[in-house]
Each structure stands twice: as C-alpha cells, then as structure tokens.
Amino acid sequence: MKEHNFQSELKTIAGMVHVAALPGTPGNHLSVSEIIRQACQEAVMLEEGGVDAIMIENMHDVPYLNTHIGPEITAVMTAVACEIRKQSALPLGIQILAAANKEALAVAQAAGFNFIRAEGFTYAHVADEGLMASCAGELLRYRKMIGAGKIKIFTDVQKKHSSHAITADISLEEQVKTAAYFQSDGVVITGRATGEEALPDDVQTARNFCSLPVIVGSGITPENIKNYWPFADAFIVGSYLKEDGNWENPVSENRLKRLMNEVNLLRNTL
C-alpha cells in the first residue's frame, strides 16, 4: 500500500466515490451487490485516472440522520469499503453522513482504510440535520479503544451546509488552532455547500496558523486549483469529476483527465 502522507510536496488528490443510496434510505433502489459493484467501478476509474487517494461517502442517503445511523448503513459501507480495498492499494478514506464519525472509524478499521473525514470535531454548530455537538474527546477515546491509532482523522472547520452563528465570535484562526490542540490529524476547509469554492484566504489562514495538513474539501476545478496550490496539502474532489459537474452523476473520464493534467502541470512547474 502506498505511503499515506497528506503533506507531500506533490500534494494529494483524493477522488470521491459517492456510494449509491443505501438500504432503508428514501433513495435506495439498488441491491447491496449492485451498490458495491457501482462503487468499485468508480474507484477503479479514479485510480486509473491518476488520483493519489480515494474517499467513499454515503451522500445519496439524503436526507441524513444526525450522528445516529442504522446498523444497515454501517454494514453496507463496510462491505463496499472491503471490496474497494481488495481492488486498490491507494490510501483510502471514508465519511459517513451525517457526523457518524465512530461508525466511519469502525469501518475504516475493519476494511484497512487509512483515514476518515469527521464532522463536528470541535465547536457545536447547526447543520441542516440539526444541532451538532463537538465530538473530539469521545472520538479520539474510541479510536484508542479499538486500536485504530494508525487511522488519521481529518476534521472539517466551519463545515459546509451549516450555520456557525453560535460561534460567530470565534475566528477561523482560533478554530484551526483548537482543532490542532484537540489532536486533529488535518483540517478540511470548504465553501458554503457541496461543489462551492472555498475562499483562498481561508485556506491560507489555516496554513498560517497550524502545522497540520490543510485539505480543501469542496469546489476544486482545473481552473481554480492553482489558487489553493501554495497553501493546501491535499484536495478532495467530488462534484467536478462527475458528469456535468453534478455529484449525483457517474465519474466523467474526460473531467478526471482534465483535472489530473492541470495537477501534473502544477507539479512540474511549481
């Protein structure tokens, strides 16, 4: 398996697999075997297209539950993750919506994944699923308890799709510092919603005020990635890589090629 390092000078491009709607969710229409097959096909396309890492996420399960999900979700995400691990030696990561961070960590441990993306790590906020409390203390203790210390926990700061009015008096600088103090393994900076660009100034602020890997988690395109390149260590790319730039669609081979061509150009020239 490739070394997992989100602070490489070459940067890390993590392609996103949006797993089809899982059993019991409103949008589910595929069998478990079909869900697994579709996710594996997208993972293979991403790897063949040159990404450095792959993430999986249950984004089609909308509307999401707040923190507490059913065992059927954890079970099928584990099945998907294990099959993708069989096919790929790349660094692999997982997020389970919404804020099912313990479950994501358990799946990662079972499937041999390298990292998770966690919502609500520090500071409470109001997400579209409702109020989310911070989970850092509980989550890190759980990681210790199950012996998953090698699995990195990358954490959103001022998470997208959320109101942060209750922490409006806490600057992004302070939130990034708190994430580092609470032992996050990397901070994720996003725009306001899926597919929306992060502010380059926010990414630079994160870079200036913590030594953790800084990850851009939304809105990356071949046209704008250069704006973040000096400050970010990694980029999670989902929407742009899909047909018509819509996260609900399959991976587009042409879009993937365009993005990786730009990435390779930046790597060679900068």
# chains A, B, ... in the order shown; residues from 1 in each chain; ligands from 1
>>> select_by_dssp(residues="segment 142-219 of chain A", states="helix (DSSP H, G or I)", output="list in words")
Tyr142, Arg143, Lys144, Met145, Ala165, Ile166, Thr167, Leu172, Glu173, Glu174, Gln175, Val176, Lys177, Thr178, Ala179, Ala180, Tyr181, Pro200, Asp201, Asp202, Val203, Gln204, Thr205, Ala206, Arg207, Asn208 and Phe209 of chain A
>>> closest_atom_pairs(of="segment 47-166 of chain A", to="segment 234-253 of chain A", cutoff="10 Å", atoms="only C-alpha atoms", output="JSON lines")
{"residue": "A:Glu48", "atom": "CA", "partner": "A:Glu253", "partner_atom": "CA", "distance": 9.6}
{"residue": "A:Gly49", "atom": "CA", "partner": "A:Glu253", "partner_atom": "CA", "distance": 7.4}
{"residue": "A:Val51", "atom": "CA", "partner": "A:Val237", "partner_atom": "CA", "distance": 9.7}
{"residue": "A:Asp52", "atom": "CA", "partner": "A:Ala234", "partner_atom": "CA", "distance": 9.6}
{"residue": "A:Ala53", "atom": "CA", "partner": "A:Ile236", "partner_atom": "CA", "distance": 8.9}
{"residue": "A:Ile54", "atom": "CA", "partner": "A:Ile236", "partner_atom": "CA", "distance": 8.7}
{"residue": "A:Met55", "atom": "CA", "partner": "A:Ile236", "partner_atom": "CA", "distance": 8.0}
{"residue": "A:Ile56", "atom": "CA", "partner": "A:Gly238", "partner_atom": "CA", "distance": 10.0}
{"residue": "A:Met59", "atom": "CA", "partner": "A:Glu248", "partner_atom": "CA", "distance": 8.7}
{"residue": "A:His60", "atom": "CA", "partner": "A:Glu248", "partner_atom": "CA", "distance": 7.5}
>>> closest_residue(among="A:Gly219, A:Ala39, A:Ser31, A:Ala108", to="Gly147 of chain A", atoms="only C-alpha atoms")
A:Ala108
>>> residues_around(residues="segment 140-142 of chain A", least_positions_apart="6", cutoff="12 Å", atoms="only C-alpha atoms", output="list of chain:residue names")
A:Asn101, A:Lys102, A:Glu103, A:Ala104, A:Leu105, A:Ala106, A:Gln109, A:Ala118, A:Phe121, A:Thr122, A:Ser134, A:Ala148, A:Gly149, A:Lys150, A:Ile151, A:Lys152, A:Ile153, A:Phe154, A:Phe182, A:Gln183, A:Ser184, A:Asp185
>>> residues_around(residues="segment 189-202 of chain A", least_positions_apart="2", cutoff="6 Å", atoms="only C-alpha atoms", output="number ranges by chain")
A: 160-161, 204-205, 216-219, 228, 239
>>> residues_around(residues="segment 206-215 of chain A", least_positions_apart="5", cutoff="7 Å", atoms="only C-alpha atoms", output="PyMOL selection string")
chain A and resi 6-7+173+176-177+180+185-189+231-235
>>> write_last_selection(atoms="N, CA and C atoms", output="CSV table (one decimal), in the first residue's frame")
chain,number,residue,atom,x,y,z
A,6,PHE,N,-0.3,13.3,3.7
A,6,PHE,CA,-1.0,14.4,3.1
A,6,PHE,C,-0.3,15.7,3.2
A,7,GLN,N,1.1,15.6,3.5
A,7,GLN,CA,1.9,16.8,3.5
A,7,GLN,C,3.0,16.7,2.5
A,173,GLU,N,-9.1,31.4,12.5
A,173,GLU,CA,-7.7,31.2,13.1
A,173,GLU,C,-7.8,30.4,14.4
A,176,VAL,N,-9.0,26.8,13.8
A,176,VAL,CA,-8.0,25.9,13.3
A,176,VAL,C,-7.0,25.5,14.5
A,177,LYS,N,-6.7,26.5,15.3
A,177,LYS,CA,-5.8,26.3,16.4
A,177,LYS,C,-6.4,25.3,17.4
A,180,ALA,N,-6.2,21.7,16.1
A,180,ALA,CA,-4.8,21.2,16.3
A,180,ALA,C,-4.6,20.8,17.7
A,185,ASP,N,-5.8,15.3,12.9
A,185,ASP,CA,-4.7,15.0,12.0
A,185,ASP,C,-4.6,15.8,10.8
A,186,GLY,N,-5.6,16.7,10.6
A,186,GLY,CA,-5.6,17.6,9.4
A,186,GLY,C,-6.9,18.3,9.4
A,187,VAL,N,-6.9,19.5,8.9
A,187,VAL,CA,-8.1,20.4,8.8
A,187,VAL,C,-8.6,20.5,7.4
A,188,VAL,N,-10.0,20.4,7.3
A,188,VAL,CA,-10.6,20.5,6.0
A,188,VAL,C,-11.4,21.8,5.9
A,189,ILE,N,-11.0,22.6,4.8
A,189,ILE,CA,-11.7,23.9,4.6
A,189,ILE,C,-12.5,23.8,3.3
A,231,PHE,N,-1.0,26.8,-0.6
A,231,PHE,CA,-1.4,26.7,0.8
A,231,PHE,C,-1.9,25.4,1.2
A,232,ALA,N,-2.4,24.6,0.3
A,232,ALA,CA,-3.1,23.3,0.6
A,232,ALA,C,-2.1,22.1,0.4
A,233,ASP,N,-2.3,21.1,1.3
A,233,ASP,CA,-1.6,19.9,1.1
A,233,ASP,C,-2.3,18.8,0.3
A,234,ALA,N,-3.6,18.9,0.3
A,234,ALA,CA,-4.5,17.9,-0.3
A,234,ALA,C,-5.8,18.5,-0.8
A,235,PHE,N,-6.4,17.8,-1.7
A,235,PHE,CA,-7.7,18.3,-2.3
A,235,PHE,C,-8.6,17.1,-2.4
